[in-house]
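Read through the structure below, which is laid out as structure tokens, and then see the notes.
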Amino acid sequence: MSIFPGMNTHKYYLVYRWDKGREKKAPIGLLEERRRVDREGNETGMLMVARQKFAKSITDFPNISIHLISS
């Protein structure tokens with residue numbers, strides 16, 4: 001929670017990988033976003049960071065997704 005109105009300091013995203021065998025999303029990590037002001041495209045940028053950090057290969061990129069859990 002920010003002390004300044006309209007300014008978020010932290011957001012947390014849960015990172016999932018689609019498990020084809022079980023046909024479910026499996027949680028694999030957590031990302032923290034520390035921007036002072038919301039900007040257009042924040043979630044898209046965080047998805048790219050998650051894919052770069054957690055994907056096993058470039059073909060695994062479509063299997064990685066994120067979900068905002070707190071702001």
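How things are named: the first chain in the structure tokens is A, the next is B, and so on; residues count from 1 in each chain; ligands count from 1 in the order shown.
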
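Here the residues within region 11-60 of chain A that DSSP labels strand (DSSP E or B) on the basis of the backbone are Lys11, Tyr12, Tyr13, Leu14, Val15, Tyr16, Arg17, Trp18, Asp19, Lys24, Lys25, Ala26, Pro27, Ile28, Gly29, Leu30, Leu31, Glu32 and Glu33 of chain A.
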
Same residues, N, CA and C atoms, saved as a CSV table (one decimal), in the first residue's frame:
chain,number,residue,atom,x,y,z
A,11,LYS,N,3.2,-4.9,-6.8
A,11,LYS,CA,2.1,-5.8,-7.2
A,11,LYS,C,2.8,-7.1,-7.3
A,12,TYR,N,2.1,-8.2,-7.0
A,12,TYR,CA,2.6,-9.5,-7.0
A,12,TYR,C,1.8,-10.4,-8.0
A,13,TYR,N,2.5,-11.1,-8.9
A,13,TYR,CA,1.9,-11.9,-9.9
A,13,TYR,C,2.3,-13.4,-9.6
A,14,LEU,N,1.4,-14.3,-9.6
A,14,LEU,CA,1.7,-15.7,-9.6
A,14,LEU,C,1.9,-16.2,-11.0
A,15,VAL,N,2.9,-17.0,-11.2
A,15,VAL,CA,3.3,-17.5,-12.5
A,15,VAL,C,2.9,-19.0,-12.6
A,16,TYR,N,2.2,-19.3,-13.7
A,16,TYR,CA,1.8,-20.7,-13.9
A,16,TYR,C,2.4,-21.3,-15.2
A,17,ARG,N,2.5,-22.6,-15.2
A,17,ARG,CA,2.8,-23.3,-16.4
A,17,ARG,C,1.7,-24.3,-16.7
A,18,TRP,N,1.2,-24.3,-17.9
A,18,TRP,CA,0.2,-25.2,-18.3
A,18,TRP,C,0.8,-26.6,-18.4
A,19,ASP,N,0.2,-27.5,-17.6
A,19,ASP,CA,0.6,-28.9,-17.6
A,19,ASP,C,-0.3,-29.7,-18.5
A,24,LYS,N,-4.0,-28.9,-16.4
A,24,LYS,CA,-4.2,-27.9,-15.4
A,24,LYS,C,-3.0,-27.0,-15.4
A,25,LYS,N,-3.3,-25.8,-14.8
A,25,LYS,CA,-2.2,-24.8,-14.6
A,25,LYS,C,-1.5,-25.2,-13.2
A,26,ALA,N,-0.2,-25.3,-13.3
A,26,ALA,CA,0.6,-25.5,-12.1
A,26,ALA,C,1.4,-24.3,-11.7
A,27,PRO,N,1.3,-23.8,-10.5
A,27,PRO,CA,2.0,-22.6,-10.0
A,27,PRO,C,3.5,-22.9,-10.0
A,28,ILE,N,4.4,-22.0,-10.6
A,28,ILE,CA,5.8,-22.3,-10.6
A,28,ILE,C,6.6,-21.2,-10.0
A,29,GLY,N,6.0,-20.0,-9.7
A,29,GLY,CA,6.8,-18.9,-9.2
A,29,GLY,C,6.0,-17.7,-8.9
A,30,LEU,N,6.7,-16.7,-8.4
A,30,LEU,CA,6.1,-15.4,-8.1
A,30,LEU,C,7.0,-14.3,-8.6
A,31,LEU,N,6.3,-13.3,-9.2
A,31,LEU,CA,7.0,-12.1,-9.6
A,31,LEU,C,6.5,-10.9,-8.8
A,32,GLU,N,7.4,-9.9,-8.5
A,32,GLU,CA,7.1,-8.7,-7.9
A,32,GLU,C,7.3,-7.5,-8.8
A,33,GLU,N,6.3,-6.7,-9.0
A,33,GLU,CA,6.4,-5.5,-9.8
A,33,GLU,C,6.5,-4.3,-8.8

Review point. For the atom pair CA of Ser57 (chain A) and CA of Ile69 (chain A), what is the interatomic distance in Å to one decimal place?
Key: 25.8 Å

Exercise for review: Output as a ChimeraX atom specification all residues of chain A that backbone DSSP marks as helix (DSSP H, G or I).
Suggested key: /A:42-54,58-63

The selected residues should be written to file as a compact mmCIF listing (two decimals), in the first residue's frame (atoms: all heavy atoms).
# COMPACT_ATOMS: atom_id res chain seq x y z
N ASN A 42 1.53 -2.72 -18.30
CA ASN A 42 2.28 -3.32 -17.20
C ASN A 42 2.17 -4.83 -17.21
O ASN A 42 3.17 -5.53 -17.05
CB ASN A 42 1.75 -2.81 -15.85
CG ASN A 42 2.23 -1.44 -15.51
OD1 ASN A 42 2.91 -0.80 -16.28
ND2 ASN A 42 1.87 -0.97 -14.33
N GLU A 43 0.96 -5.35 -17.35
CA GLU A 43 0.76 -6.79 -17.27
C GLU A 43 1.40 -7.52 -18.45
O GLU A 43 1.98 -8.59 -18.28
CB GLU A 43 -0.74 -7.12 -17.20
CG GLU A 43 -0.99 -8.52 -16.72
CD GLU A 43 -2.39 -8.72 -16.20
OE1 GLU A 43 -2.97 -7.80 -15.62
OE2 GLU A 43 -2.88 -9.84 -16.39
N THR A 44 1.37 -6.92 -19.61
CA THR A 44 2.02 -7.51 -20.78
C THR A 44 3.53 -7.58 -20.57
O THR A 44 4.16 -8.60 -20.88
CB THR A 44 1.71 -6.69 -22.05
OG1 THR A 44 0.30 -6.59 -22.20
CG2 THR A 44 2.31 -7.34 -23.28
N GLY A 45 4.10 -6.54 -20.02
CA GLY A 45 5.53 -6.53 -19.72
C GLY A 45 5.90 -7.58 -18.69
O GLY A 45 6.93 -8.25 -18.80
N MET A 46 5.06 -7.73 -17.66
CA MET A 46 5.33 -8.74 -16.63
C MET A 46 5.20 -10.15 -17.20
O MET A 46 5.94 -11.06 -16.79
CB MET A 46 4.39 -8.56 -15.44
CG MET A 46 4.67 -7.31 -14.65
SD MET A 46 6.37 -7.17 -14.04
CE MET A 46 6.41 -8.44 -12.82
N LEU A 47 4.29 -10.36 -18.14
CA LEU A 47 4.18 -11.66 -18.78
C LEU A 47 5.45 -12.00 -19.54
O LEU A 47 5.95 -13.13 -19.49
CB LEU A 47 2.97 -11.70 -19.72
CG LEU A 47 2.76 -12.99 -20.50
CD1 LEU A 47 2.60 -14.19 -19.57
CD2 LEU A 47 1.56 -12.86 -21.42
N MET A 48 6.02 -11.02 -20.24
CA MET A 48 7.27 -11.26 -20.96
C MET A 48 8.42 -11.57 -19.99
O MET A 48 9.23 -12.46 -20.24
CB MET A 48 7.64 -10.06 -21.84
CG MET A 48 6.81 -9.97 -23.11
SD MET A 48 6.78 -11.49 -24.09
CE MET A 48 8.49 -11.74 -24.44
N VAL A 49 8.47 -10.87 -18.86
CA VAL A 49 9.50 -11.16 -17.85
C VAL A 49 9.32 -12.58 -17.32
O VAL A 49 10.29 -13.33 -17.17
CB VAL A 49 9.43 -10.13 -16.70
CG1 VAL A 49 10.30 -10.56 -15.53
CG2 VAL A 49 9.84 -8.76 -17.18
N ALA A 50 8.08 -12.97 -17.04
CA ALA A 50 7.81 -14.32 -16.54
C ALA A 50 8.21 -15.38 -17.56
O ALA A 50 8.81 -16.40 -17.19
CB ALA A 50 6.32 -14.46 -16.21
N ARG A 51 7.91 -15.13 -18.82
CA ARG A 51 8.28 -16.11 -19.86
C ARG A 51 9.79 -16.23 -19.99
O ARG A 51 10.31 -17.32 -20.13
CB ARG A 51 7.65 -15.72 -21.19
CG ARG A 51 6.16 -15.98 -21.21
CD ARG A 51 5.52 -15.52 -22.48
NE ARG A 51 4.14 -15.99 -22.52
CZ ARG A 51 3.26 -15.60 -23.43
NH1 ARG A 51 3.62 -14.75 -24.38
NH2 ARG A 51 2.04 -16.08 -23.41
N GLN A 52 10.50 -15.11 -19.92
CA GLN A 52 11.97 -15.15 -20.02
C GLN A 52 12.59 -15.84 -18.81
O GLN A 52 13.59 -16.54 -18.92
CB GLN A 52 12.52 -13.74 -20.16
CG GLN A 52 12.19 -13.11 -21.49
CD GLN A 52 12.54 -11.63 -21.54
OE1 GLN A 52 12.94 -11.03 -20.55
NE2 GLN A 52 12.36 -11.03 -22.71
N LYS A 53 12.00 -15.66 -17.65
CA LYS A 53 12.57 -16.21 -16.43
C LYS A 53 12.21 -17.68 -16.20
O LYS A 53 13.05 -18.45 -15.74
CB LYS A 53 12.10 -15.38 -15.24
CG LYS A 53 12.73 -15.75 -13.93
CD LYS A 53 12.37 -14.77 -12.84
CE LYS A 53 13.08 -15.16 -11.55
NZ LYS A 53 12.81 -14.21 -10.48
N PHE A 54 10.98 -18.09 -16.54
CA PHE A 54 10.50 -19.41 -16.16
C PHE A 54 10.36 -20.41 -17.30
O PHE A 54 10.23 -21.61 -17.04
CB PHE A 54 9.16 -19.30 -15.42
CG PHE A 54 9.26 -18.63 -14.09
CD1 PHE A 54 8.87 -17.31 -13.93
CD2 PHE A 54 9.76 -19.30 -12.98
CE1 PHE A 54 8.96 -16.68 -12.70
CE2 PHE A 54 9.85 -18.68 -11.75
CZ PHE A 54 9.45 -17.37 -11.60
N ILE A 58 12.15 -21.58 -25.81
CA ILE A 58 11.27 -20.63 -26.49
C ILE A 58 9.93 -21.28 -26.87
O ILE A 58 8.91 -20.62 -26.94
CB ILE A 58 11.97 -20.00 -27.71
CG1 ILE A 58 11.24 -18.74 -28.14
CG2 ILE A 58 12.09 -20.97 -28.85
CD1 ILE A 58 12.04 -17.82 -28.99
N THR A 59 9.93 -22.59 -27.07
CA THR A 59 8.66 -23.27 -27.38
C THR A 59 7.76 -23.40 -26.15
O THR A 59 6.59 -23.70 -26.28
CB THR A 59 8.93 -24.67 -27.96
OG1 THR A 59 9.71 -25.42 -27.02
CG2 THR A 59 9.68 -24.59 -29.28
N ASP A 60 8.29 -23.14 -24.97
CA ASP A 60 7.52 -23.20 -23.72
C ASP A 60 6.82 -21.87 -23.43
O ASP A 60 5.99 -21.79 -22.53
CB ASP A 60 8.45 -23.58 -22.57
CG ASP A 60 7.71 -24.01 -21.32
OD1 ASP A 60 6.59 -24.52 -21.43
OD2 ASP A 60 8.28 -23.83 -20.22
N PHE A 61 7.15 -20.80 -24.17
CA PHE A 61 6.57 -19.47 -23.93
C PHE A 61 5.03 -19.49 -23.87
O PHE A 61 4.46 -18.89 -22.97
CB PHE A 61 7.03 -18.48 -25.00
CG PHE A 61 8.31 -17.76 -24.66
CD1 PHE A 61 9.28 -18.34 -23.85
CD2 PHE A 61 8.55 -16.51 -25.16
CE1 PHE A 61 10.45 -17.67 -23.55
CE2 PHE A 61 9.72 -15.82 -24.87
CZ PHE A 61 10.67 -16.41 -24.06
N PRO A 62 4.33 -20.15 -24.81
CA PRO A 62 2.85 -20.12 -24.75
C PRO A 62 2.27 -20.81 -23.51
O PRO A 62 1.12 -20.58 -23.16
CB PRO A 62 2.41 -20.84 -26.02
CG PRO A 62 3.59 -20.84 -26.91
CD PRO A 62 4.79 -20.80 -26.03
N ASN A 63 3.06 -21.65 -22.84
CA ASN A 63 2.56 -22.39 -21.69
C ASN A 63 2.67 -21.60 -20.38
O ASN A 63 2.20 -22.04 -19.35
CB ASN A 63 3.33 -23.71 -21.52
CG ASN A 63 3.15 -24.61 -22.71
OD1 ASN A 63 2.10 -24.63 -23.32
ND2 ASN A 63 4.18 -25.34 -23.06

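CA of Ser70 (chain A) is positioned 15.0 Å from CA of Arg36 (chain A).
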